[in-house]
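Dropping entry33.pdb in here (PDB, C-alpha atoms):
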```pdb
ATOM      1  CA  ALA A   1      35.710  98.605  78.269  1.00  0.00           C
ATOM      2  CA  GLN A   2      39.402  99.009  78.887  1.00  0.00           C
ATOM      3  CA  SER A   3      41.253  97.651  81.902  1.00  0.00           C
ATOM      4  CA  VAL A   4      44.765  97.502  83.280  1.00  0.00           C
ATOM      5  CA  THR A   5      46.390  94.615  85.150  1.00  0.00           C
ATOM      6  CA  GLN A   6      49.637  94.914  87.048  1.00  0.00           C
ATOM      7  CA  LEU A   7      50.781  91.363  87.489  1.00  0.00           C
ATOM      8  CA  ASP A   8      52.807  91.789  90.678  1.00  0.00           C
ATOM      9  CA  SER A   9      51.583  93.515  93.826  1.00  0.00           C
ATOM     10  CA  GLN A  10      55.078  93.589  95.352  1.00  0.00           C
ATOM     11  CA  VAL A  11      58.527  93.300  93.813  1.00  0.00           C
ATOM     12  CA  PRO A  12      61.505  92.998  96.190  1.00  0.00           C
ATOM     13  CA  VAL A  13      64.923  93.573  94.634  1.00  0.00           C
ATOM     14  CA  PHE A  14      68.446  94.279  95.826  1.00  0.00           C
ATOM     15  CA  GLU A  15      70.110  97.611  95.165  1.00  0.00           C
ATOM     16  CA  GLU A  16      71.905  97.856  91.790  1.00  0.00           C
ATOM     17  CA  ALA A  17      69.968  94.882  90.403  1.00  0.00           C
ATOM     18  CA  PRO A  18      67.726  95.233  87.325  1.00  0.00           C
ATOM     19  CA  VAL A  19      63.968  95.302  87.712  1.00  0.00           C
ATOM     20  CA  GLU A  20      60.891  94.845  85.535  1.00  0.00           C
ATOM     21  CA  LEU A  21      57.381  95.820  86.610  1.00  0.00           C
ATOM     22  CA  ARG A  22      54.751  94.200  84.450  1.00  0.00           C
ATOM     23  CA  CYS A  23      51.614  95.806  83.035  1.00  0.00           C
ATOM     24  CA  ASN A  24      49.012  94.394  80.660  1.00  0.00           C
ATOM     25  CA  TYR A  25      45.988  96.223  79.302  1.00  0.00           C
ATOM     26  CA  SER A  26      42.857  95.412  77.373  1.00  0.00           C
ATOM     27  CA  SER A  27      41.204  97.775  74.944  1.00  0.00           C
ATOM     28  CA  SER A  28      39.478  97.525  71.593  1.00  0.00           C
ATOM     29  CA  VAL A  29      40.610 101.002  70.513  1.00  0.00           C
ATOM     30  CA  SER A  30      43.870 102.912  70.373  1.00  0.00           C
ATOM     31  CA  VAL A  31      45.387 103.655  73.745  1.00  0.00           C
ATOM     32  CA  TYR A  32      47.836 105.974  75.400  1.00  0.00           C
ATOM     33  CA  LEU A  33      49.884 104.378  78.172  1.00  0.00           C
ATOM     34  CA  PHE A  34      51.470 105.869  81.272  1.00  0.00           C
ATOM     35  CA  TRP A  35      53.594 104.899  84.255  1.00  0.00           C
ATOM     36  CA  TYR A  36      53.365 106.937  87.450  1.00  0.00           C
ATOM     37  CA  VAL A  37      55.354 106.730  90.686  1.00  0.00           C
ATOM     38  CA  GLN A  38      54.000 107.498  94.161  1.00  0.00           C
ATOM     39  CA  TYR A  39      56.144 108.028  97.240  1.00  0.00           C
ATOM     40  CA  PRO A  40      54.500 107.539 100.681  1.00  0.00           C
ATOM     41  CA  ASN A  41      51.712 110.012 101.438  1.00  0.00           C
ATOM     42  CA  GLN A  42      52.296 111.942  98.255  1.00  0.00           C
ATOM     43  CA  GLY A  43      50.570 112.414  94.932  1.00  0.00           C
ATOM     44  CA  LEU A  44      51.511 110.702  91.685  1.00  0.00           C
ATOM     45  CA  GLN A  45      54.367 111.805  89.462  1.00  0.00           C
ATOM     46  CA  LEU A  46      54.644 110.894  85.800  1.00  0.00           C
ATOM     47  CA  LEU A  47      57.577 108.601  84.933  1.00  0.00           C
ATOM     48  CA  LEU A  48      56.928 108.189  81.219  1.00  0.00           C
ATOM     49  CA  LYS A  49      54.220 107.926  78.598  1.00  0.00           C
ATOM     50  CA  TYR A  50      53.573 106.278  75.251  1.00  0.00           C
ATOM     51  CA  LEU A  51      51.377 108.160  72.813  1.00  0.00           C
ATOM     52  CA  SER A  52      52.644 106.983  69.410  1.00  0.00           C
ATOM     53  CA  GLY A  53      55.835 106.378  67.459  1.00  0.00           C
ATOM     54  CA  SER A  54      58.783 104.472  68.884  1.00  0.00           C
ATOM     55  CA  THR A  55      57.692 101.607  71.085  1.00  0.00           C
ATOM     56  CA  LEU A  56      60.620 102.108  73.485  1.00  0.00           C
ATOM     57  CA  VAL A  57      59.958 105.037  75.749  1.00  0.00           C
ATOM     58  CA  LYS A  58      62.487 106.589  78.097  1.00  0.00           C
ATOM     59  CA  GLY A  59      61.450 108.432  81.227  1.00  0.00           C
ATOM     60  CA  ILE A  60      62.841 110.110  84.298  1.00  0.00           C
ATOM     61  CA  ASN A  61      65.125 108.527  86.894  1.00  0.00           C
ATOM     62  CA  GLY A  62      66.563 106.029  84.372  1.00  0.00           C
ATOM     63  CA  PHE A  63      63.304 104.157  83.769  1.00  0.00           C
ATOM     64  CA  GLU A  64      62.121 102.957  80.376  1.00  0.00           C
ATOM     65  CA  ALA A  65      59.146 100.998  79.061  1.00  0.00           C
ATOM     66  CA  GLU A  66      58.321  99.112  75.899  1.00  0.00           C
ATOM     67  CA  PHE A  67      54.926  99.116  74.242  1.00  0.00           C
ATOM     68  CA  ASN A  68      54.040  95.731  72.768  1.00  0.00           C
ATOM     69  CA  LYS A  69      50.782  95.904  70.858  1.00  0.00           C
ATOM     70  CA  SER A  70      50.573  92.204  70.032  1.00  0.00           C
ATOM     71  CA  GLN A  71      50.961  91.243  73.691  1.00  0.00           C
ATOM     72  CA  THR A  72      49.036  94.296  74.948  1.00  0.00           C
ATOM     73  CA  SER A  73      51.807  95.016  77.420  1.00  0.00           C
ATOM     74  CA  PHE A  74      53.712  98.050  78.662  1.00  0.00           C
ATOM     75  CA  HIS A  75      56.356  96.751  81.067  1.00  0.00           C
ATOM     76  CA  LEU A  76      58.544  99.155  83.028  1.00  0.00           C
ATOM     77  CA  ARG A  77      62.268  98.469  83.387  1.00  0.00           C
ATOM     78  CA  LYS A  78      65.351  99.883  85.038  1.00  0.00           C
ATOM     79  CA  PRO A  79      68.816  98.332  84.596  1.00  0.00           C
ATOM     80  CA  SER A  80      70.063  99.217  88.085  1.00  0.00           C
ATOM     81  CA  VAL A  81      67.816 100.328  90.952  1.00  0.00           C
ATOM     82  CA  HIS A  82      68.614 102.546  93.923  1.00  0.00           C
ATOM     83  CA  ILE A  83      67.215 102.619  97.429  1.00  0.00           C
ATOM     84  CA  SER A  84      65.454 105.841  96.468  1.00  0.00           C
ATOM     85  CA  ASP A  85      63.401 103.959  93.864  1.00  0.00           C
ATOM     86  CA  THR A  86      61.414 102.325  96.661  1.00  0.00           C
ATOM     87  CA  ALA A  87      57.851 103.458  95.975  1.00  0.00           C
ATOM     88  CA  GLU A  88      54.550 102.372  94.484  1.00  0.00           C
ATOM     89  CA  TYR A  89      54.259 102.306  90.709  1.00  0.00           C
ATOM     90  CA  PHE A  90      51.049 102.592  88.733  1.00  0.00           C
ATOM     91  CA  CYS A  91      50.389 101.712  85.132  1.00  0.00           C
ATOM     92  CA  ALA A  92      47.531 103.595  83.469  1.00  0.00           C
ATOM     93  CA  VAL A  93      45.727 103.532  80.135  1.00  0.00           C
ATOM     94  CA  ARG A  94      43.839 106.298  78.431  1.00  0.00           C
ATOM     95  CA  THR A  95      41.777 105.557  75.360  1.00  0.00           C
ATOM     96  CA  SER A  96      41.697 107.894  72.417  1.00  0.00           C
ATOM     97  CA  ASN A  97      37.893 108.068  72.396  1.00  0.00           C
ATOM     98  CA  THR A  98      37.100 108.769  76.064  1.00  0.00           C
ATOM     99  CA  GLY A  99      40.174 110.437  77.486  1.00  0.00           C
ATOM    100  CA  LYS A 100      39.609 108.984  80.973  1.00  0.00           C
ATOM    101  CA  LEU A 101      42.615 107.495  82.737  1.00  0.00           C
ATOM    102  CA  ILE A 102      42.199 103.955  84.103  1.00  0.00           C
ATOM    103  CA  PHE A 103      44.765 102.771  86.648  1.00  0.00           C
ATOM    104  CA  GLY A 104      46.129  99.368  87.536  1.00  0.00           C
ATOM    105  CA  GLN A 105      46.212  98.155  91.132  1.00  0.00           C
ATOM    106  CA  GLY A 106      49.795  99.288  91.676  1.00  0.00           C
ATOM    107  CA  THR A 107      53.113  97.506  92.286  1.00  0.00           C
ATOM    108  CA  THR A 108      55.201  98.202  95.362  1.00  0.00           C
ATOM    109  CA  LEU A 109      58.902  98.184  94.529  1.00  0.00           C
ATOM    110  CA  GLN A 110      61.025  97.410  97.593  1.00  0.00           C
ATOM    111  CA  VAL A 111      64.735  98.015  97.053  1.00  0.00           C
ATOM    112  CA  LYS A 112      66.928  96.357  99.672  1.00  0.00           C
ATOM    113  CA  PRO A 113      70.529  97.300 100.504  1.00  0.00           C
TER     114      PRO A 113
ATOM    115  CA  ASP B   1      54.897 127.904  91.021  1.00  0.00           C
ATOM    116  CA  GLY B   2      52.105 126.278  89.033  1.00  0.00           C
ATOM    117  CA  GLY B   3      50.453 123.245  90.470  1.00  0.00           C
ATOM    118  CA  ILE B   4      47.563 121.656  92.309  1.00  0.00           C
ATOM    119  CA  THR B   5      46.889 122.341  95.965  1.00  0.00           C
ATOM    120  CA  GLN B   6      44.795 120.016  98.071  1.00  0.00           C
ATOM    121  CA  SER B   7      43.678 120.772 101.603  1.00  0.00           C
ATOM    122  CA  PRO B   8      43.582 119.649 104.269  1.00  0.00           C
ATOM    123  CA  LYS B   9      46.317 117.022 104.048  1.00  0.00           C
ATOM    124  CA  TYR B  10      44.853 115.083 106.984  1.00  0.00           C
ATOM    125  CA  LEU B  11      41.235 115.139 108.127  1.00  0.00           C
ATOM    126  CA  PHE B  12      39.319 113.293 110.798  1.00  0.00           C
ATOM    127  CA  ARG B  13      35.561 112.997 110.766  1.00  0.00           C
ATOM    128  CA  LYS B  14      32.933 111.456 112.942  1.00  0.00           C
ATOM    129  CA  GLU B  15      30.416 109.107 111.396  1.00  0.00           C
ATOM    130  CA  GLY B  16      27.389 110.927 110.033  1.00  0.00           C
ATOM    131  CA  GLN B  17      29.240 114.141 109.220  1.00  0.00           C
ATOM    132  CA  ASN B  18      29.786 115.590 105.776  1.00  0.00           C
ATOM    133  CA  VAL B  19      33.264 116.835 104.920  1.00  0.00           C
ATOM    134  CA  THR B  20      34.573 118.879 102.002  1.00  0.00           C
ATOM    135  CA  LEU B  21      38.033 118.446 100.478  1.00  0.00           C
ATOM    136  CA  SER B  22      39.480 121.396  98.628  1.00  0.00           C
ATOM    137  CA  CYS B  23      41.309 121.246  95.287  1.00  0.00           C
ATOM    138  CA  GLU B  24      42.708 124.340  93.575  1.00  0.00           C
ATOM    139  CA  GLN B  25      44.849 124.508  90.424  1.00  0.00           C
ATOM    140  CA  ASN B  26      46.663 127.419  88.786  1.00  0.00           C
ATOM    141  CA  LEU B  27      47.686 125.530  85.652  1.00  0.00           C
ATOM    142  CA  ASN B  28      44.773 126.937  83.623  1.00  0.00           C
ATOM    143  CA  HIS B  29      43.632 123.372  82.929  1.00  0.00           C
ATOM    144  CA  ASP B  30      40.119 122.722  81.679  1.00  0.00           C
ATOM    145  CA  ALA B  31      39.649 119.227  83.110  1.00  0.00           C
ATOM    146  CA  MET B  32      39.762 118.204  86.774  1.00  0.00           C
ATOM    147  CA  TYR B  33      39.349 114.833  88.477  1.00  0.00           C
ATOM    148  CA  TRP B  34      38.884 113.226  91.866  1.00  0.00           C
ATOM    149  CA  TYR B  35      40.278 109.765  92.573  1.00  0.00           C
ATOM    150  CA  ARG B  36      40.031 107.588  95.640  1.00  0.00           C
ATOM    151  CA  GLN B  37      42.967 105.368  96.598  1.00  0.00           C
ATOM    152  CA  ASP B  38      42.692 102.290  98.808  1.00  0.00           C
ATOM    153  CA  PRO B  39      45.511  99.809  99.498  1.00  0.00           C
ATOM    154  CA  GLY B  40      45.754  97.173  96.767  1.00  0.00           C
ATOM    155  CA  GLN B  41      42.991  98.724  94.653  1.00  0.00           C
ATOM    156  CA  GLY B  42      44.817 101.396  92.728  1.00  0.00           C
ATOM    157  CA  LEU B  43      43.016 104.638  91.958  1.00  0.00           C
ATOM    158  CA  ARG B  44      39.310 104.738  91.261  1.00  0.00           C
ATOM    159  CA  LEU B  45      37.598 107.683  89.566  1.00  0.00           C
ATOM    160  CA  ILE B  46      34.922 109.437  91.634  1.00  0.00           C
ATOM    161  CA  TYR B  47      33.974 112.475  89.532  1.00  0.00           C
ATOM    162  CA  TYR B  48      35.466 114.479  86.707  1.00  0.00           C
ATOM    163  CA  SER B  49      34.779 117.813  85.073  1.00  0.00           C
ATOM    164  CA  GLN B  50      35.651 118.992  81.583  1.00  0.00           C
ATOM    165  CA  ILE B  51      34.501 122.609  81.892  1.00  0.00           C
ATOM    166  CA  VAL B  52      33.074 125.006  84.416  1.00  0.00           C
ATOM    167  CA  ASN B  53      29.545 124.203  85.623  1.00  0.00           C
ATOM    168  CA  ASP B  54      29.704 120.695  84.201  1.00  0.00           C
ATOM    169  CA  PHE B  55      30.794 117.393  85.761  1.00  0.00           C
ATOM    170  CA  GLN B  56      30.234 113.660  85.298  1.00  0.00           C
ATOM    171  CA  LYS B  57      30.141 110.668  87.607  1.00  0.00           C
ATOM    172  CA  GLY B  58      33.053 108.311  87.574  1.00  0.00           C
ATOM    173  CA  ASP B  59      33.061 104.674  88.636  1.00  0.00           C
ATOM    174  CA  ILE B  60      32.355 105.177  92.362  1.00  0.00           C
ATOM    175  CA  ALA B  61      30.324 108.404  92.669  1.00  0.00           C
ATOM    176  CA  GLU B  62      27.803 107.165  95.238  1.00  0.00           C
ATOM    177  CA  GLY B  63      28.075 109.075  98.517  1.00  0.00           C
ATOM    178  CA  TYR B  64      30.085 111.919  96.973  1.00  0.00           C
ATOM    179  CA  SER B  65      29.230 115.289  95.438  1.00  0.00           C
ATOM    180  CA  VAL B  66      31.215 117.957  93.584  1.00  0.00           C
ATOM    181  CA  SER B  67      30.853 121.427  92.128  1.00  0.00           C
ATOM    182  CA  ARG B  68      32.756 123.334  89.452  1.00  0.00           C
ATOM    183  CA  GLU B  69      31.814 126.974  89.805  1.00  0.00           C
ATOM    184  CA  LYS B  70      35.289 128.225  88.883  1.00  0.00           C
ATOM    185  CA  LYS B  71      37.848 126.858  86.456  1.00  0.00           C
ATOM    186  CA  GLU B  72      40.535 126.622  89.128  1.00  0.00           C
ATOM    187  CA  SER B  73      38.461 124.941  91.849  1.00  0.00           C
ATOM    188  CA  PHE B  74      36.873 121.488  92.129  1.00  0.00           C
ATOM    189  CA  PRO B  75      35.863 120.680  95.727  1.00  0.00           C
ATOM    190  CA  LEU B  76      34.722 117.204  96.742  1.00  0.00           C
ATOM    191  CA  THR B  77      32.154 116.606  99.477  1.00  0.00           C
ATOM    192  CA  VAL B  78      32.131 113.229 101.182  1.00  0.00           C
ATOM    193  CA  THR B  79      28.622 112.817 102.492  1.00  0.00           C
ATOM    194  CA  SER B  80      27.278 110.693 105.324  1.00  0.00           C
ATOM    195  CA  ALA B  81      25.859 108.387 102.649  1.00  0.00           C
ATOM    196  CA  GLN B  82      29.360 107.168 101.767  1.00  0.00           C
ATOM    197  CA  LYS B  83      29.570 103.888 103.666  1.00  0.00           C
ATOM    198  CA  ASN B  84      33.331 103.527 103.825  1.00  0.00           C
ATOM    199  CA  PRO B  85      34.880 106.980 103.442  1.00  0.00           C
ATOM    200  CA  THR B  86      38.266 106.352 105.082  1.00  0.00           C
ATOM    201  CA  ALA B  87      40.750 106.620 102.197  1.00  0.00           C
ATOM    202  CA  PHE B  88      43.377 108.731 100.470  1.00  0.00           C
ATOM    203  CA  TYR B  89      41.826 111.208  98.030  1.00  0.00           C
ATOM    204  CA  LEU B  90      43.715 112.569  95.044  1.00  0.00           C
ATOM    205  CA  CYS B  91      42.774 115.517  92.866  1.00  0.00           C
ATOM    206  CA  ALA B  92      44.206 115.882  89.366  1.00  0.00           C
ATOM    207  CA  SER B  93      43.930 118.124  86.337  1.00  0.00           C
ATOM    208  CA  SER B  94      44.742 118.022  82.638  1.00  0.00           C
ATOM    209  CA  PRO B  95      44.590 120.539  79.794  1.00  0.00           C
ATOM    210  CA  GLY B  96      41.421 118.869  78.506  1.00  0.00           C
ATOM    211  CA  LEU B  97      39.611 115.545  78.536  1.00  0.00           C
ATOM    212  CA  ALA B  98      40.487 114.921  74.883  1.00  0.00           C
ATOM    213  CA  ASN B  99      44.106 115.865  75.389  1.00  0.00           C
ATOM    214  CA  THR B 100      46.602 113.047  75.015  1.00  0.00           C
ATOM    215  CA  GLY B 101      48.801 114.297  77.814  1.00  0.00           C
ATOM    216  CA  GLU B 102      49.129 113.131  81.362  1.00  0.00           C
ATOM    217  CA  LEU B 103      47.272 114.104  84.507  1.00  0.00           C
ATOM    218  CA  PHE B 104      48.884 116.380  87.069  1.00  0.00           C
ATOM    219  CA  PHE B 105      48.223 115.364  90.667  1.00  0.00           C
ATOM    220  CA  GLY B 106      47.975 117.144  93.983  1.00  0.00           C
ATOM    221  CA  GLU B 107      49.609 115.810  97.146  1.00  0.00           C
ATOM    222  CA  GLY B 108      46.432 114.153  98.375  1.00  0.00           C
ATOM    223  CA  SER B 109      44.128 114.354 101.389  1.00  0.00           C
ATOM    224  CA  ARG B 110      43.867 111.508 103.862  1.00  0.00           C
ATOM    225  CA  LEU B 111      40.417 111.190 105.415  1.00  0.00           C
ATOM    226  CA  THR B 112      39.865 109.062 108.497  1.00  0.00           C
ATOM    227  CA  VAL B 113      36.418 108.397 109.903  1.00  0.00           C
ATOM    228  CA  LEU B 114      36.455 107.799 113.637  1.00  0.00           C
TER     229      LEU B 114
END
```

Show me this structure written as structure tokens.
Amino acid sequence: AQSVTQLDSQVPVFEEAPVELRCNYSSSVSVYLFWYVQYPNQGLQLLLKYLSGSTLVKGINGFEAEFNKSQTSFHLRKPSVHISDTAEYFCAVRTSNTGKLIFGQGTTLQVKP
Amino acid sequence: DGGITQSPKYLFRKEGQNVTLSCEQNLNHDAMYWYRQDPGQGLRLIYYSQIVNDFQKGDIAEGYSVSREKKESFPLTVTSAQKNPTAFYLCASSPGLANTGELFFGEGSRLTVL
């Protein structure tokens, strides 16, 4: 069975600093990988996704992620964060044979002025 | 505008009462899902449906029930058998279970049991 692990529950960072949110997955079959963002008391919004092709994926709001098959990772990065990036971020994996989306536990990004 | 509408946004319930959360989508998506969100636990799948009149249990279906009588509607009933129902509930849809695309989420319903 597949699973997703987000290695940090909270990541505090100062405004304009770079940030990396870590995500590792386990699966014995091909996967599709996603990052979602959730603002307080709202639903989830897609940041970016990896389906195939280039391992570096660019998303909305200046975020990007790199798929590393050998390390089974899909870390999310942003070179310079803003206060408005403060939110909870979820990594998710979807296998090619089931189609169900499995979520990690979430990482709270706290951007400080 | 196309999207997913969940209602009510906030709901309070006394112990022992059943409550139904509404989820409607006008995206013409085949698949619909219900997730439960608790702090520090991410999202856990309750039920999902690929087509009308068909649905499957997810990882935490006990104490919940669903129906899929129409393509655009997928209501979730939280029954009195659910031992810890206080949570944030999210409904989502996708073009199809086998589709490689992402899920589209509603704004959520927060249920509090008094």

Item to check | All residues 10 Å or closer to Gly58 (chain B), all atoms listed in the file, same chain fewer than 4 positions away omitted, as a list in words | outcome: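 Answer for this query is Lys100 of chain A; Tyr33, Trp34, Tyr35, Arg44, Leu45, Ile46, Tyr47, Tyr48, Ser49 and Glu62 of chain B.
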
Checklist entry - Mind telling me what the ChimeraX specification (/A :<9) & /B catches here, as a ChimeraX atom specification? => result /B:39-45,48,88,90-91,96-110

Next on the checklist: Applying 7 Å and all atoms listed in the file, which residues near region 73-77 of chain A remain after dropping the ones on its own chain fewer than 2 positions away? List them as a list in words.
Outcome noted: Val19, Glu20, Leu21, Arg22, Cys23, Asn24, Tyr25, Phe63, Glu64, Ala65, Glu66, Phe67, Asn68, Lys69, Gln71 and Pro79 of chain A

Any chance you could resolve the PyMOL selection byres ((chain B and resi 28-30) around 6) against this file and give the residues as a PDB file with C-alpha atoms, in the frame of the given file?
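The file below, result_26.pdb, is the result:
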```
ATOM      1  CA  ASN B  26      46.663 127.419  88.786  1.00  0.00           C
ATOM      2  CA  LEU B  27      47.686 125.530  85.652  1.00  0.00           C
ATOM      3  CA  ALA B  31      39.649 119.227  83.110  1.00  0.00           C
ATOM      4  CA  GLN B  50      35.651 118.992  81.583  1.00  0.00           C
ATOM      5  CA  ILE B  51      34.501 122.609  81.892  1.00  0.00           C
ATOM      6  CA  SER B  94      44.742 118.022  82.638  1.00  0.00           C
ATOM      7  CA  PRO B  95      44.590 120.539  79.794  1.00  0.00           C
ATOM      8  CA  GLY B  96      41.421 118.869  78.506  1.00  0.00           C
TER       9      GLY B  96
END
```

Extending 5 Å beyond the listed atoms of region 55-62 of chain A on each side, what axis-aligned box results? I want centre and edge lengths in Å to one decimal, as AutoDock Vina command-line options.
```
--center_x 62.1 --center_y 105.9 --center_z 79.0 --size_x 18.9 --size_y 18.5 --size_z 25.8
```

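Residues with any atom within 12 Å of Thr79 (chain B), counting only C-alpha atoms and excluding same-chain neighbours fewer than 2 positions away, are Arg13, Lys14, Glu15, Gly16, Gln17, Asn18, Val19, Thr20, Leu21, Ala61, Glu62, Gly63, Tyr64, Ser65, Val66, Leu76, Thr77, Ala81, Gln82, Lys83, Asn84, Pro85, Thr86 and Val113 of chain B.
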